[in-house]
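*Asks:* Quick one, query_26.txt (compact mmCIF, C-alpha atoms):
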```
# COMPACT_ATOMS: atom_id res chain seq x y z
CA MET E 16 0.00 0.00 0.00
CA VAL E 17 2.90 2.36 0.76
CA ILE E 18 4.31 1.73 -2.72
CA LEU E 19 1.03 2.81 -4.32
CA GLN E 20 1.00 6.10 -2.36
CA TYR E 21 4.48 7.06 -3.47
CA HIS E 22 4.60 5.46 -6.90
CA ASN E 23 5.37 8.73 -8.75
CA ALA E 24 8.39 9.42 -6.56
CA LEU E 25 9.42 5.78 -6.74
CA ALA E 26 9.15 5.67 -10.54
CA GLY E 27 11.81 8.37 -10.84
CA LEU E 28 14.28 6.27 -8.87
CA LEU E 29 13.88 2.98 -10.76
CA ASP E 30 15.98 1.64 -13.58
CA SER E 31 14.21 0.19 -16.63
CA ARG E 32 14.56 -3.43 -15.60
CA THR E 33 13.17 -2.89 -12.10
CA LEU E 34 10.39 -0.71 -13.50
CA CYS E 35 9.29 -3.49 -15.85
CA GLN E 36 9.52 -6.13 -13.11
CA LEU E 37 7.40 -4.07 -10.71
CA SER E 38 4.83 -3.24 -13.36
CA ALA E 39 4.45 -6.97 -14.06
CA THR E 40 3.47 -7.65 -10.43
CA SER E 41 0.41 -5.42 -10.23
CA ARG E 42 -2.14 -4.06 -12.68
CA GLN E 43 -2.16 -0.67 -10.92
CA LEU E 44 1.63 -0.47 -10.95
CA SER E 45 1.59 -1.52 -14.58
CA ASP E 46 -0.80 1.31 -15.47
CA SER E 47 1.15 3.81 -13.36
CA PHE E 48 4.57 2.96 -14.76
CA GLN E 49 3.48 2.38 -18.35
CA SER E 50 4.34 5.85 -19.64
CA ARG E 51 7.78 5.72 -18.03
CA ALA E 52 8.39 2.27 -19.46
CA ARG E 53 7.41 3.56 -22.92
CA GLN E 54 9.89 6.42 -22.54
CA HIS E 55 12.61 3.91 -21.68
CA GLY E 56 11.64 1.86 -24.72
CA ARG E 57 11.87 4.88 -27.01
CA LEU E 58 15.23 5.81 -25.53
CA PHE E 59 16.47 2.26 -26.07
CA GLN E 60 15.39 2.36 -29.72
CA TYR E 61 17.02 5.78 -30.15
CA VAL E 62 20.30 4.60 -28.60
CA MET E 63 20.28 1.46 -30.75
CA GLY E 64 19.57 3.48 -33.86
CA ALA E 65 16.69 1.16 -34.67
CA PRO E 66 13.47 2.37 -36.25
CA GLU E 67 10.66 2.91 -33.79
CA TYR E 68 8.25 0.01 -33.61
CA GLY E 69 4.97 -0.06 -31.77
CA ILE E 70 2.80 -2.67 -30.13
CA SER E 71 0.79 -3.04 -33.35
CA ASP E 72 3.94 -4.36 -35.05
CA LEU E 73 3.90 -7.38 -32.71
CA VAL E 74 0.43 -8.45 -33.87
CA SER E 75 0.84 -7.70 -37.59
CA ALA E 76 2.90 -9.41 -40.25
CA GLN E 77 5.93 -7.33 -41.23
CA SER E 78 7.71 -7.28 -44.57
CA TRP E 79 10.34 -9.79 -43.40
CA GLN E 80 8.00 -12.37 -41.84
CA TYR E 81 5.07 -14.58 -42.81
CA HIS E 82 3.12 -14.10 -39.58
CA SER E 83 3.30 -11.72 -36.64
CA SER E 84 5.76 -12.31 -33.81
CA PHE E 85 2.84 -12.85 -31.44
CA MET E 86 1.28 -15.54 -33.68
CA VAL E 87 4.58 -17.39 -34.18
CA ASN E 88 5.29 -17.42 -30.45
CA ILE E 89 1.77 -18.70 -29.66
CA LEU E 90 2.07 -21.45 -32.28
CA ASN E 91 5.48 -22.49 -30.99
CA GLY E 92 4.49 -22.44 -27.33
CA ASN E 93 7.07 -19.81 -26.33
CA VAL E 94 5.64 -18.88 -22.93
CA SER E 95 8.15 -16.18 -21.98
CA ALA E 96 7.75 -14.27 -25.27
CA VAL E 97 3.94 -14.50 -25.15
CA GLU E 98 3.95 -13.35 -21.53
CA PHE E 99 6.11 -10.35 -22.44
CA ILE E 100 3.88 -9.39 -25.38
CA VAL E 101 0.59 -9.58 -23.44
CA GLN E 102 2.09 -7.44 -20.67
CA LEU E 103 2.54 -4.70 -23.29
CA GLY E 104 -1.24 -4.56 -23.61
CA VAL E 105 -2.05 -6.25 -26.94
CA ASP E 106 -5.66 -7.18 -27.64
CA VAL E 107 -5.77 -10.99 -27.56
CA ASN E 108 -9.27 -11.02 -29.10
CA GLN E 109 -8.16 -9.68 -32.47
CA PRO E 110 -7.04 -11.63 -35.52
CA GLU E 111 -3.59 -11.12 -36.90
CA GLY E 112 -3.28 -7.81 -38.70
CA LYS E 113 -1.69 -6.57 -41.91
CA GLN E 114 -2.00 -9.74 -43.96
CA GLU E 115 -1.92 -8.31 -47.45
CA TYR E 116 -0.42 -9.65 -50.65
CA SER E 117 2.62 -7.47 -50.16
CA ASP E 118 3.14 -8.64 -46.56
CA GLY E 119 2.45 -11.83 -44.71
CA CYS E 120 1.87 -15.43 -45.70
CA ASP E 121 0.77 -15.69 -49.31
CA MET E 122 -0.20 -19.34 -48.85
CA CYS E 123 -2.55 -18.54 -45.94
CA GLN E 124 -4.08 -15.69 -47.93
CA GLU E 125 -4.67 -17.81 -51.04
CA SER E 126 -6.03 -20.81 -49.14
CA ARG E 127 -8.16 -18.73 -46.74
CA SER E 128 -6.48 -20.40 -43.80
CA LYS E 129 -8.12 -20.39 -40.38
CA LEU E 130 -4.87 -18.91 -39.09
CA LEU E 131 -5.94 -15.56 -40.56
CA GLU E 132 -9.52 -15.89 -39.36
CA TYR E 133 -8.94 -16.96 -35.75
CA THR E 134 -8.06 -14.48 -33.02
CA PHE E 135 -4.85 -14.92 -31.04
CA TRP E 136 -6.95 -16.23 -28.16
CA GLU E 137 -8.65 -18.82 -30.41
CA VAL E 138 -5.32 -20.03 -31.79
CA ALA E 139 -3.95 -20.39 -28.23
CA CYS E 140 -7.06 -22.33 -27.13
CA THR E 141 -6.90 -24.59 -30.17
CA MET E 142 -3.19 -25.30 -29.67
CA ALA E 143 -3.87 -26.24 -26.02
CA ASN E 144 -6.79 -28.50 -26.94
CA SER E 145 -5.44 -32.02 -27.34
CA LYS E 146 -5.52 -35.37 -25.53
CA LEU E 147 -2.28 -34.57 -23.73
CA PRO E 148 -1.74 -30.82 -24.03
CA SER E 149 1.74 -29.59 -23.24
CA PRO E 150 2.12 -27.51 -20.08
CA ARG E 151 3.57 -24.61 -22.07
CA ARG E 152 0.56 -24.45 -24.38
CA GLN E 153 -1.75 -24.56 -21.36
CA LYS E 154 0.23 -21.70 -19.78
CA ILE E 155 -0.18 -19.62 -22.93
CA ARG E 156 -3.93 -20.29 -23.01
CA ASP E 157 -4.19 -19.32 -19.33
CA LEU E 158 -2.13 -16.15 -19.90
CA LEU E 159 -4.37 -15.03 -22.73
CA ARG E 160 -7.49 -15.87 -20.71
CA LYS E 161 -6.13 -13.71 -17.89
CA HIS E 162 -5.69 -10.87 -20.38
CA GLY E 163 -9.31 -10.98 -21.57
CA GLY E 164 -9.43 -13.89 -24.01
CA LEU E 165 -12.92 -14.97 -25.00
CA SER E 166 -14.70 -16.53 -27.96
CA SER E 167 -18.14 -17.82 -28.85
CA ARG E 168 -16.75 -19.87 -31.74
CA ASN E 169 -16.72 -23.67 -31.54
CA LEU E 170 -13.00 -24.43 -31.77
CA GLY E 171 -11.51 -27.74 -32.78
CA THR E 172 -8.52 -29.63 -31.51
CA LYS E 173 -4.85 -28.94 -32.13
CA ARG E 174 -4.64 -32.08 -34.29
CA LYS E 175 -7.48 -30.91 -36.57
CA PHE E 176 -6.04 -27.39 -36.73
CA MET E 177 -2.57 -28.63 -37.68
CA ARG E 178 -4.11 -31.01 -40.24
CA HIS E 179 -5.93 -27.98 -41.71
CA LEU E 180 -2.60 -26.12 -42.00
CA ARG E 181 -0.88 -29.17 -43.55
CA THR E 182 -3.70 -29.93 -45.99
CA GLY E 183 -2.93 -28.62 -49.41
CA TYR E 184 -5.10 -26.14 -51.22
CA ASP E 185 -5.13 -25.88 -54.99
CA HIS E 186 -2.49 -28.63 -55.34
CA GLU E 187 -0.16 -27.13 -52.74
CA ASP E 188 1.47 -29.24 -50.03
CA CYS E 189 0.52 -26.86 -47.19
CA ARG E 190 -1.71 -23.91 -46.41
CA CYS E 191 0.95 -21.94 -44.52
CA ARG E 192 4.61 -21.03 -45.04
CA LEU E 193 5.30 -21.73 -41.34
CA VAL E 194 4.26 -25.36 -41.81
CA GLU E 195 5.98 -25.63 -45.18
CA GLY E 196 9.26 -24.43 -43.64
CA TRP E 197 8.82 -26.60 -40.51
CA LEU E 198 8.73 -23.43 -38.40
CA ILE E 199 6.06 -24.62 -35.95
CA ARG E 200 7.37 -26.80 -33.14
CA ASP E 201 5.07 -29.53 -31.90
CA SER E 202 4.53 -30.21 -28.20
CA ASP E 203 7.18 -32.94 -28.16
CA ASP E 204 9.69 -30.43 -29.58
CA GLU E 205 9.72 -32.14 -32.96
CA HIS E 206 9.03 -30.05 -36.03
CA VAL E 207 5.59 -30.43 -37.53
CA SER E 208 6.21 -31.63 -41.04
CA GLY E 209 4.36 -30.31 -44.02
```
Show this structure as structure tokens.
*Replies:*
Amino acid sequence: MVILQYHNALAGLLDSRTLCQLSATSRQLSDSFQSRARQHGRLFQYVMGAPEYGISDLVSAQSWQYHSSFMVNILNGNVSAVEFIVQLGVDVNQPEGKQEYSDGCDMCQESRSKLLEYTFWEVACTMANSKLPSPRRQKIRDLLRKHGGLSSRNLGTKRKFMRHLRTGYDHEDCRCRLVEGWLIRDSDDEHVSG
């Protein structure tokens, strides 16, 4: 309670790492320290000489990738990366953005893959829905639920979803470049073949 009363004075004394760690422990601290954390992020990008990216870039396909960083980390069960991204405040109930013919996965676009239709929350739920779901996929589903995940859609199992992605469309071997390139890791840490 004392921390909450003096959070403005405290924020000025914290380094970036401590600021982020404290903001992860409490929703109120997260809201309070968010602007300072954004300033630190902008300073980091300025010091690195990197172009400024925003949260929307994490949930949209960029020119150098087939799917968004958030989608790839959900599909691969990367708990720490997903946890970091949701703490930044992304909307888990949105589908992946910026999938156009100039950006993103051309195979998913041409085949009308469910990967472009489902929200991040629905993909996480589907990937955690199997006979023996991996603990990391369950953690991701629980993280997204905690950050507002909801759906009224009847979702299938991981097996059916992966079969959908591996099933060719218009004489293709796969519906998605991630599957074609073996870039989705299965729960037993083996690559899912196309």
*Asks:* Find the nearest atom pair between each residue of stretch 56-112 of chain E and stretch 117-124 of chain E for residues within 10 Å, count all atoms listed in the file, give distances in Å to one decimal, sort rows by chain and ascending number, and present the table as CSV.
*Replies:*
```
residue,atom,partner,partner_atom,distance
E:Ser75,CA,E:Gly119,CA,8.4
E:Ala76,CA,E:Gly119,CA,5.1
E:Gln77,CA,E:Asp118,CA,6.2
E:Ser78,CA,E:Asp118,CA,5.2
E:Trp79,CA,E:Asp118,CA,7.9
E:Gln80,CA,E:Gly119,CA,6.3
E:Tyr81,CA,E:Gly119,CA,4.2
E:His82,CA,E:Gly119,CA,5.6
E:Ser83,CA,E:Gly119,CA,8.1
E:Glu111,CA,E:Gly119,CA,9.9
E:Gly112,CA,E:Gly119,CA,9.2
```
*Asks:* Considering only C-alpha atoms, state which residue in the set E:Gln109, E:Ser84, E:Ser71, E:Ser50 is at the smallest distance from E:Val97.
*Replies:* E:Ser84
*Asks:* What does the distance from atom CA of E:Thr141 to atom CA of E:Arg178 come to in Å, to one decimal?
*Replies:*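 Atom CA of E:Arg178 lies at a distance of 12.3 Å from atom CA of E:Thr141.
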*Asks:* Restricting the calculation to all atoms listed in the file: of E:Pro150, E:Gly196, E:Gly92, E:Gly164, which residue gets closest to E:Thr134?
*Replies:*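 Closest candidate: E:Gly164.
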*Asks:* Take atom CA of E:Thr182 and atom CA of E:Glu195 and report the distance between them in Å, one decimal.
*Replies:*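 Result for atom CA of E:Thr182 versus atom CA of E:Glu195: 10.6 Å, one decimal.
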*Asks:* Will you model N, CA and C atoms for stretch 124-140 of chain E and pass it back as a short mmCIF file (atom, residue, chain, number, x, y, z; two decimals), in the frame of the given file?
*Replies:*
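Written file, rebuild-v8.cif:
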```cif
data_model
loop_
_atom_site.label_atom_id
_atom_site.label_comp_id
_atom_site.auth_asym_id
_atom_site.auth_seq_id
_atom_site.Cartn_x
_atom_site.Cartn_y
_atom_site.Cartn_z
N GLN E 124 -3.15 -16.61 -47.27
CA GLN E 124 -4.08 -15.69 -47.93
C GLN E 124 -4.82 -16.39 -49.08
N GLU E 125 -4.07 -17.14 -49.89
CA GLU E 125 -4.67 -17.81 -51.04
C GLU E 125 -5.60 -18.94 -50.62
N SER E 126 -5.24 -19.65 -49.56
CA SER E 126 -6.03 -20.81 -49.14
C SER E 126 -7.13 -20.45 -48.13
N ARG E 127 -7.20 -19.19 -47.75
CA ARG E 127 -8.16 -18.73 -46.74
C ARG E 127 -8.01 -19.55 -45.46
N SER E 128 -6.81 -19.62 -44.99
CA SER E 128 -6.48 -20.40 -43.80
C SER E 128 -7.18 -19.86 -42.55
N LYS E 129 -7.53 -20.77 -41.66
CA LYS E 129 -8.12 -20.39 -40.38
C LYS E 129 -7.15 -19.56 -39.55
N LEU E 130 -5.88 -19.67 -39.83
CA LEU E 130 -4.87 -18.91 -39.09
C LEU E 130 -5.09 -17.41 -39.24
N LEU E 131 -5.65 -16.97 -40.35
CA LEU E 131 -5.94 -15.56 -40.56
C LEU E 131 -7.31 -15.16 -40.01
N GLU E 132 -8.17 -16.14 -39.84
CA GLU E 132 -9.52 -15.89 -39.36
C GLU E 132 -9.61 -15.91 -37.83
N TYR E 133 -8.89 -16.81 -37.20
CA TYR E 133 -8.94 -16.96 -35.75
C TYR E 133 -8.25 -15.79 -35.04
N THR E 134 -8.73 -15.47 -33.86
CA THR E 134 -8.06 -14.48 -33.02
C THR E 134 -6.86 -15.15 -32.35
N PHE E 135 -6.00 -14.35 -31.76
CA PHE E 135 -4.85 -14.92 -31.04
C PHE E 135 -5.32 -15.84 -29.92
N TRP E 136 -6.38 -15.42 -29.23
CA TRP E 136 -6.95 -16.23 -28.16
C TRP E 136 -7.44 -17.58 -28.70
N GLU E 137 -8.12 -17.58 -29.84
CA GLU E 137 -8.65 -18.82 -30.41
C GLU E 137 -7.53 -19.75 -30.86
N VAL E 138 -6.47 -19.19 -31.40
CA VAL E 138 -5.32 -20.03 -31.79
C VAL E 138 -4.69 -20.65 -30.55
N ALA E 139 -4.53 -19.87 -29.48
CA ALA E 139 -3.95 -20.39 -28.23
C ALA E 139 -4.82 -21.50 -27.65
N CYS E 140 -6.14 -21.30 -27.65
CA CYS E 140 -7.06 -22.33 -27.13
C CYS E 140 -6.98 -23.60 -27.96
#
```
